[in-house]
Amino acid sequence: MPAKKKTKVVSVQKKVVKTKTKSMSKKSATDAKNTESGDAKSQRGARAINLLRGMKDITPKDEIYWLNIYQKAVELANAYGFGFMETPVLEEAVLFTRSIGKDTDVVEKEMYVFEDRDGTKVALRPEWTAGAARAYVTHGMQTWPQPVKVWNYGPVFRHDRPQAGRYRQFHQFGCETIGHRHPCLDAELILVGYNFLKDLGISANVQINSIGNAEDRQNYTIELVGYLRSKRSYLCEQCKKRINKNPLRVLDCKEEHCVEVISESPQIIDWLSEDSKNYFMKVLECLDELGIPYILKSTLVRGLDYYSDTVFEYYEDAVEERSQNALGGGGRYDFLIEQLGGVPTPSAGFAMGLERIISILRSKEGNKNILEKEWSRIFFAQLGEQANYRTLKLIEDLRLEGIVVRHNLAKSSLKGQMELADKFGATHTLILGQKEVHDGTVIIRDMDSGNQEIVDQNKLVLEVKKLMKNIIKIRK
Ligand code: AMP
């Protein structure tokens, strides 16, 4: 942004300020003072309320990231034919217990569950897929043209141990393709997630595996449990418990000794049925055709019970594997909708973790251009009570014509407003004082040269449109 000259405004009557100050009655001044001190007193004694652990505020300082990432999600979902769907934050807890699985970390340790005022056991959604599957059944979507492709976007909740990249409320963008089983549909989902990262300037790879059908998994699990029992003494305490409860989860452990044990464990790919094996090969062929880089990862199983066959995760390139956090993941869930009372409905989906993605965007200076927010470069300053009201109306007239101006109607000092205009990098400031209200005019001040021009208020929209065209031309 070019350095701006210190702004000095002399043309608008200082008198207006004086008159205004004088005209403020003594009584209202005292009232204002009393209210202020009353508020301060009550605030002084009150305990400040803290943010809950693992939760995060999104403030206007983060806006540039959140709105851009949302925009990308909308663009991509539209481009691939997904329709927006939002299910409630709160669902019957049994929805998640039955679909995600009662022995999984998400349900057993992390889900926010409580009884509502009617005594119904409810849960904050820990992910989107179960809700989407429930909605498919609720709305009889099996009668719609198949597959039903939906996308979702918003907060999910897990009472996890907070640490870098792990929150208790976080946001996901996800897509679900419900109602068909076809390798191209898996590949399309993988592509959408991959392109989401690519469009945001993140170079990522896909790690992929197949966990077969329920029978394949059962056979494999028997073999795996036998192996893990033989190595039990080398495993961490957590994994020792997992052998009986959720043995597949051991494959995810990052503890050094567990990693060694896992590296020699039987591989699920060797236990796949012919059907699952062929299906997986076709998914890989589709990815080859699309040129999506992938890594076959035999230990990738995902943590939730409803997955079958293809499972995948996204990781940032060039980040050391042990310190990696997945940026997103997904897979097929061919049996989930049946488990929730629907007809057999093969499906697949993915979810991207937005906090982790935004944290990468923040660390990359180069992404500034992709994300730069274009604020209006025109500021509206006013001086005096009448000008204050009139400005509110003129700003509204401009807005109705698609022109956004920055302003601060609560500031009465013109000097303060001009400083603000400088701070915002305004190229022009529209100034309205008592005289201008009376004459039906507005001053347009060029912030670089200090030149001022007086225009008729009726022509303001036209004049500002001209200005904006020039600003765009100069930037090009
Ligand atoms: P999952 O449903 O566990 O596969 O999660 C999908 C994506 O959400 C992950 O790849 C992460 O990017 C993100 N994610 C999962 N858990 C958390 C968490 N506790 N905090 C922030 N992001 C998370």
# chains A, B, ... in the order shown; residues from 1 in each chain; ligands from 1
>>> residues_near_ligand(ligand="ligand 1", cutoff="7 Å", atoms="only C-alpha atoms and all ligand atoms", output="VMD selection string")
chain A and resid 127 158 160 165 to 170 172 302 313 325 to 330 351 to 356
>>> residues_around(residues="Ala204 in chain A", least_positions_apart="2", cutoff="9 Å", atoms="only C-alpha atoms", output="number ranges by chain")
A: 194, 197-198, 202, 206, 293, 314-318, 327
>>> closest_residue(among="A:Asn195, A:Thr177, A:Ser413, A:Gln238", to="Tyr136 in chain A", atoms="only C-alpha atoms")
A:Thr177
>>> closest_atom_pairs(of="range 172-216 of chain A", to="range 265-270 of chain A", cutoff="10 Å", atoms="only C-alpha atoms", output="JSON lines")
{"residue": "A:Asn209", "atom": "CA", "partner": "A:Ile269", "partner_atom": "CA", "distance": 7.9}
{"residue": "A:Ser210", "atom": "CA", "partner": "A:Ile269", "partner_atom": "CA", "distance": 6.7}
{"residue": "A:Ile211", "atom": "CA", "partner": "A:Ile268", "partner_atom": "CA", "distance": 6.4}
{"residue": "A:Gly212", "atom": "CA", "partner": "A:Ile269", "partner_atom": "CA", "distance": 8.0}
{"residue": "A:Asp216", "atom": "CA", "partner": "A:Ile268", "partner_atom": "CA", "distance": 8.2}
>>> residues_around(residues="Gly101 in chain A", least_positions_apart="2", cutoff="12 Å", atoms="only C-alpha atoms", output="mmCIF file with N, CA and C atoms, in the first residue's frame")
data_model
loop_
_atom_site.group_PDB
_atom_site.id
_atom_site.type_symbol
_atom_site.label_atom_id
_atom_site.label_comp_id
_atom_site.auth_asym_id
_atom_site.auth_seq_id
_atom_site.Cartn_x
_atom_site.Cartn_y
_atom_site.Cartn_z
ATOM 1 N N ALA A 93 -28.374 -39.786 20.320
ATOM 2 C CA ALA A 93 -27.030 -40.348 20.483
ATOM 3 C C ALA A 93 -26.889 -41.711 19.807
ATOM 4 N N VAL A 94 -27.986 -42.463 19.783
ATOM 5 C CA VAL A 94 -27.920 -43.825 19.228
ATOM 6 C C VAL A 94 -27.526 -43.805 17.740
ATOM 7 N N LEU A 95 -27.815 -42.711 17.057
ATOM 8 C CA LEU A 95 -27.421 -42.617 15.639
ATOM 9 C C LEU A 95 -25.916 -42.851 15.500
ATOM 10 N N PHE A 96 -25.148 -42.212 16.377
ATOM 11 C CA PHE A 96 -23.690 -42.308 16.260
ATOM 12 C C PHE A 96 -23.165 -43.607 16.865
ATOM 13 N N THR A 97 -23.796 -44.052 17.947
ATOM 14 C CA THR A 97 -23.333 -45.294 18.572
ATOM 15 C C THR A 97 -23.494 -46.431 17.575
ATOM 16 N N ARG A 98 -24.653 -46.455 16.899
ATOM 17 C CA ARG A 98 -24.926 -47.548 15.981
ATOM 18 C C ARG A 98 -24.077 -47.462 14.709
ATOM 19 N N SER A 99 -23.806 -46.262 14.229
ATOM 20 C CA SER A 99 -23.094 -46.164 12.953
ATOM 21 C C SER A 99 -21.573 -46.121 13.126
ATOM 22 N N ASP A 103 -17.401 -49.107 20.327
ATOM 23 C CA ASP A 103 -16.043 -49.305 20.841
ATOM 24 C C ASP A 103 -15.002 -48.392 20.191
ATOM 25 N N THR A 104 -15.446 -47.468 19.362
ATOM 26 C CA THR A 104 -14.480 -46.568 18.718
ATOM 27 C C THR A 104 -14.127 -45.424 19.674
ATOM 28 N N ASP A 105 -12.966 -44.817 19.446
ATOM 29 C CA ASP A 105 -12.545 -43.689 20.292
ATOM 30 C C ASP A 105 -13.582 -42.569 20.238
ATOM 31 N N VAL A 106 -14.087 -42.299 19.030
ATOM 32 C CA VAL A 106 -15.009 -41.169 18.867
ATOM 33 C C VAL A 106 -16.225 -41.339 19.771
ATOM 34 N N VAL A 107 -16.830 -42.527 19.756
ATOM 35 C CA VAL A 107 -18.046 -42.728 20.561
ATOM 36 C C VAL A 107 -17.704 -42.957 22.027
ATOM 37 N N GLU A 108 -16.709 -43.783 22.273
ATOM 38 C CA GLU A 108 -16.431 -44.188 23.652
ATOM 39 C C GLU A 108 -15.839 -43.041 24.479
ATOM 40 N N LYS A 109 -14.932 -42.260 23.848
ATOM 41 C CA LYS A 109 -14.212 -41.261 24.655
ATOM 42 C C LYS A 109 -14.523 -39.821 24.299
ATOM 43 N N MET A 111 -17.341 -38.352 22.299
ATOM 44 C CA MET A 111 -18.634 -37.774 21.932
ATOM 45 C C MET A 111 -19.234 -36.976 23.090
ATOM 46 N N ALA A 130 -22.936 -39.838 9.464
ATOM 47 C CA ALA A 130 -24.076 -40.529 10.074
ATOM 48 C C ALA A 130 -25.347 -39.699 9.911
ATOM 49 N N LYS A 245 -10.572 -54.911 22.303
ATOM 50 C CA LYS A 245 -11.704 -53.996 22.047
ATOM 51 C C LYS A 245 -11.801 -53.552 20.599
ATOM 52 N N ASN A 246 -10.686 -53.111 20.050
ATOM 53 C CA ASN A 246 -10.709 -52.536 18.702
ATOM 54 C C ASN A 246 -9.327 -52.721 18.057
ATOM 55 N N GLY A 303 -10.848 -44.782 11.751
ATOM 56 C CA GLY A 303 -11.253 -45.181 13.102
ATOM 57 C C GLY A 303 -12.709 -45.579 13.285
ATOM 58 N N LEU A 304 -13.518 -45.495 12.244
ATOM 59 C CA LEU A 304 -14.959 -45.667 12.451
ATOM 60 C C LEU A 304 -15.453 -46.986 11.854
ATOM 61 N N ASP A 305 -16.449 -47.585 12.529
ATOM 62 C CA ASP A 305 -16.899 -48.932 12.143
ATOM 63 C C ASP A 305 -17.614 -49.001 10.804
ATOM 64 N N TYR A 306 -18.185 -47.885 10.355
ATOM 65 C CA TYR A 306 -19.055 -48.024 9.176
ATOM 66 C C TYR A 306 -18.307 -48.146 7.853
ATOM 67 N N TYR A 307 -16.989 -47.977 7.864
ATOM 68 C CA TYR A 307 -16.263 -48.004 6.589
ATOM 69 C C TYR A 307 -16.145 -49.415 6.013
ATOM 70 N N LEU A 336 -23.974 -48.815 5.894
ATOM 71 C CA LEU A 336 -24.428 -47.898 6.952
ATOM 72 C C LEU A 336 -25.929 -47.615 6.885
ATOM 73 N N GLN A 339 -28.012 -50.291 8.161
ATOM 74 C CA GLN A 339 -27.946 -50.377 9.628
ATOM 75 C C GLN A 339 -28.831 -49.336 10.297
#
>>> select_by_dssp(residues="range 82-324 of chain A", states="strand (DSSP E)", output="ChimeraX atom specification")
/A:83-84,90-92,113-115,121-124,148-157,169-178,204-210,294-296,308-316
>>> write_last_selection(atoms="C-alpha atoms", output="PDB file, in the first residue's frame")
ATOM      1  CA  GLY A  83     -26.265 -30.304  -3.445  1.00  0.00           C
ATOM      2  CA  PHE A  84     -26.004 -28.550  -0.080  1.00  0.00           C
ATOM      3  CA  LEU A  90     -27.885 -32.327  17.815  1.00  0.00           C
ATOM      4  CA  GLU A  91     -29.033 -35.884  17.012  1.00  0.00           C
ATOM      5  CA  GLU A  92     -30.213 -38.888  19.007  1.00  0.00           C
ATOM      6  CA  VAL A 113     -23.559 -36.961  25.092  1.00  0.00           C
ATOM      7  CA  PHE A 114     -26.217 -35.720  27.476  1.00  0.00           C
ATOM      8  CA  GLU A 115     -29.886 -35.966  28.284  1.00  0.00           C
ATOM      9  CA  LYS A 121     -30.181 -39.081  25.136  1.00  0.00           C
ATOM     10  CA  VAL A 122     -28.706 -36.744  22.553  1.00  0.00           C
ATOM     11  CA  ALA A 123     -25.226 -36.076  21.144  1.00  0.00           C
ATOM     12  CA  LEU A 124     -23.471 -33.193  19.416  1.00  0.00           C
ATOM     13  CA  VAL A 148     -27.777 -38.564  -4.285  1.00  0.00           C
ATOM     14  CA  LYS A 149     -24.749 -36.275  -4.016  1.00  0.00           C
ATOM     15  CA  VAL A 150     -24.673 -33.895  -1.051  1.00  0.00           C
ATOM     16  CA  TRP A 151     -22.110 -31.625   0.565  1.00  0.00           C
ATOM     17  CA  ASN A 152     -21.991 -30.228   4.068  1.00  0.00           C
ATOM     18  CA  TYR A 153     -20.019 -27.608   5.917  1.00  0.00           C
ATOM     19  CA  GLY A 154     -19.891 -26.669   9.573  1.00  0.00           C
ATOM     20  CA  PRO A 155     -18.822 -27.472  13.115  1.00  0.00           C
ATOM     21  CA  VAL A 156     -18.474 -30.944  14.623  1.00  0.00           C
ATOM     22  CA  PHE A 157     -17.624 -31.769  18.252  1.00  0.00           C
ATOM     23  CA  GLN A 169     -15.117 -27.941  18.181  1.00  0.00           C
ATOM     24  CA  PHE A 170     -13.738 -27.960  14.680  1.00  0.00           C
ATOM     25  CA  HIS A 171     -15.123 -27.525  11.184  1.00  0.00           C
ATOM     26  CA  GLN A 172     -15.405 -29.919   8.304  1.00  0.00           C
ATOM     27  CA  PHE A 173     -16.277 -29.613   4.631  1.00  0.00           C
ATOM     28  CA  GLY A 174     -17.515 -32.922   3.315  1.00  0.00           C
ATOM     29  CA  CYS A 175     -19.153 -34.585   0.333  1.00  0.00           C
ATOM     30  CA  GLU A 176     -21.231 -37.772   0.225  1.00  0.00           C
ATOM     31  CA  THR A 177     -22.220 -39.821  -2.830  1.00  0.00           C
ATOM     32  CA  ILE A 178     -25.113 -41.982  -1.698  1.00  0.00           C
ATOM     33  CA  ALA A 204      -0.993 -32.836  -0.877  1.00  0.00           C
ATOM     34  CA  ASN A 205      -0.961 -36.554  -1.462  1.00  0.00           C
ATOM     35  CA  VAL A 206      -3.594 -39.204  -0.972  1.00  0.00           C
ATOM     36  CA  GLN A 207      -2.916 -42.257   1.176  1.00  0.00           C
ATOM     37  CA  ILE A 208      -5.211 -45.081   0.263  1.00  0.00           C
ATOM     38  CA  ASN A 209      -6.112 -48.633   1.280  1.00  0.00           C
ATOM     39  CA  SER A 210      -8.959 -51.112   1.075  1.00  0.00           C
ATOM     40  CA  TYR A 294      -1.418 -41.638  -4.111  1.00  0.00           C
ATOM     41  CA  ILE A 295       0.478 -43.778  -1.641  1.00  0.00           C
ATOM     42  CA  LEU A 296      -0.720 -47.296  -0.830  1.00  0.00           C
ATOM     43  CA  SER A 308     -15.839 -50.772   3.996  1.00  0.00           C
ATOM     44  CA  ASP A 309     -13.579 -51.237   0.957  1.00  0.00           C
ATOM     45  CA  THR A 310     -11.904 -47.976  -0.134  1.00  0.00           C
ATOM     46  CA  VAL A 311     -10.513 -45.761   2.637  1.00  0.00           C
ATOM     47  CA  PHE A 312      -8.274 -42.722   2.106  1.00  0.00           C
ATOM     48  CA  GLU A 313      -6.675 -39.739   3.804  1.00  0.00           C
ATOM     49  CA  TYR A 314      -5.021 -36.522   2.630  1.00  0.00           C
ATOM     50  CA  TYR A 315      -1.613 -35.367   3.876  1.00  0.00           C
ATOM     51  CA  GLU A 316       0.423 -32.302   3.114  1.00  0.00           C
TER      52      GLU A 316
END
>>> select_by_dssp(residues="range 344-405 of chain A", states="alpha helix (DSSP H)", output="MDAnalysis selection string")
chainID A and resid 354:363 368:371 385:400
>>> residues_around(residues="Asp252 in chain A", least_positions_apart="2", cutoff="9 Å", atoms="only C-alpha atoms", output="PyMOL selection string")
chain A and resi 248-250+254+259+262+299-303
>>> write_last_selection(atoms="C-alpha atoms", output="compact mmCIF listing (two decimals), in the first residue's frame")
# COMPACT_ATOMS: atom_id res chain seq x y z
CA LEU A 248 -7.67 -52.44 13.93
CA ARG A 249 -7.04 -49.22 15.85
CA VAL A 250 -3.60 -50.54 16.90
CA LYS A 254 2.27 -43.63 16.53
CA VAL A 259 5.07 -48.78 14.94
CA ILE A 262 2.81 -52.90 13.13
CA THR A 299 -2.09 -49.82 7.83
CA LEU A 300 -4.70 -47.21 6.95
CA VAL A 301 -8.00 -48.42 8.41
CA ARG A 302 -9.75 -45.22 9.65
CA GLY A 303 -11.25 -45.18 13.10
>>> closest_residue(among="A:Lys241, A:Leu400, A:Asp186, A:Gly384", to="Met281 in chain A", atoms="only C-alpha atoms")
A:Asp186
>>> closest_residue(among="A:Leu394, A:Leu224, A:Leu361, A:Ile243", to="Glu264 in chain A", atoms="only C-alpha atoms")
A:Leu224
>>> atom_distance(atom1="CA of Gly402 in chain A", atom2="CA of Lys469 in chain A")
13.2 Å
>>> residues_around(residues="Arg445 in chain A", least_positions_apart="6", cutoff="7 Å", atoms="only C-alpha atoms", output="ChimeraX atom specification")
/A:428-430,451-453
>>> closest_residue(among="A:Gly342, A:Leu290, A:Ile58, A:Ala48", to="Ala135 in chain A", atoms="only C-alpha atoms")
A:Gly342
>>> atom_distance(atom1="CA of Ser347 in chain A", atom2="CA of Ala79 in chain A")
19.9 Å
>>> atom_distance(atom1="CA of Tyr279 in chain A", atom2="CA of Glu188 in chain A")
14.7 Å
>>> closest_residue(among="A:Gly349, A:Gly226, A:Gly81, A:Gly416", to="Trp128 in chain A", atoms="only C-alpha atoms")
A:Gly349
>>> decode(residues="range 298-320 of chain A", atoms="N, CA and C atoms", output="short mmCIF file (atom, residue, chain, number, x, y, z; two decimals), in the first residue's frame")
data_model
loop_
_atom_site.label_atom_id
_atom_site.label_comp_id
_atom_site.auth_asym_id
_atom_site.auth_seq_id
_atom_site.Cartn_x
_atom_site.Cartn_y
_atom_site.Cartn_z
N SER A 298 -0.88 -49.81 3.80
CA SER A 298 -1.58 -51.03 4.25
C SER A 298 -2.12 -50.90 5.67
N THR A 299 -1.60 -49.93 6.46
CA THR A 299 -2.09 -49.82 7.83
C THR A 299 -3.23 -48.80 7.97
N LEU A 300 -3.62 -48.20 6.86
CA LEU A 300 -4.70 -47.21 6.95
C LEU A 300 -6.05 -47.92 7.06
N VAL A 301 -6.71 -47.73 8.20
CA VAL A 301 -8.00 -48.42 8.41
C VAL A 301 -9.13 -47.45 8.78
N ARG A 302 -8.78 -46.20 9.17
CA ARG A 302 -9.75 -45.22 9.65
C ARG A 302 -10.38 -45.71 10.95
N GLY A 303 -10.85 -44.78 11.75
CA GLY A 303 -11.25 -45.18 13.10
C GLY A 303 -12.71 -45.58 13.28
N LEU A 304 -13.52 -45.49 12.24
CA LEU A 304 -14.96 -45.67 12.45
C LEU A 304 -15.45 -46.99 11.85
N ASP A 305 -16.45 -47.59 12.53
CA ASP A 305 -16.90 -48.93 12.14
C ASP A 305 -17.61 -49.00 10.80
N TYR A 306 -18.19 -47.89 10.35
CA TYR A 306 -19.06 -48.02 9.18
C TYR A 306 -18.31 -48.15 7.85
N TYR A 307 -16.99 -47.98 7.86
CA TYR A 307 -16.26 -48.00 6.59
C TYR A 307 -16.14 -49.42 6.01
N SER A 308 -16.10 -49.50 4.69
CA SER A 308 -15.84 -50.77 4.00
C SER A 308 -15.10 -50.45 2.70
N ASP A 309 -14.36 -51.40 2.20
CA ASP A 309 -13.58 -51.24 0.96
C ASP A 309 -12.68 -49.98 0.99
N THR A 310 -12.86 -49.08 0.01
CA THR A 310 -11.90 -47.98 -0.13
C THR A 310 -11.88 -47.04 1.09
N VAL A 311 -10.69 -46.81 1.61
CA VAL A 311 -10.51 -45.76 2.64
C VAL A 311 -9.32 -44.89 2.22
N PHE A 312 -9.36 -43.62 2.54
CA PHE A 312 -8.27 -42.72 2.11
C PHE A 312 -8.12 -41.55 3.05
N GLU A 313 -6.95 -40.95 3.01
CA GLU A 313 -6.67 -39.74 3.80
C GLU A 313 -5.78 -38.81 2.99
N TYR A 314 -5.86 -37.52 3.32
CA TYR A 314 -5.02 -36.52 2.63
C TYR A 314 -3.94 -36.03 3.58
N TYR A 315 -2.73 -35.90 3.08
CA TYR A 315 -1.61 -35.37 3.88
C TYR A 315 -0.87 -34.32 3.08
N GLU A 316 -0.36 -33.33 3.80
CA GLU A 316 0.42 -32.30 3.11
C GLU A 316 1.73 -32.93 2.66
N ASP A 317 2.16 -32.60 1.44
CA ASP A 317 3.44 -33.09 0.94
C ASP A 317 4.57 -32.50 1.78
N ALA A 318 5.70 -33.16 1.76
CA ALA A 318 6.92 -32.64 2.37
C ALA A 318 6.78 -32.35 3.86
N VAL A 319 5.95 -33.10 4.54
CA VAL A 319 5.90 -32.99 6.00
C VAL A 319 6.28 -34.36 6.54
N GLU A 320 7.18 -34.36 7.49
CA GLU A 320 7.69 -35.62 8.01
C GLU A 320 6.54 -36.49 8.52
#
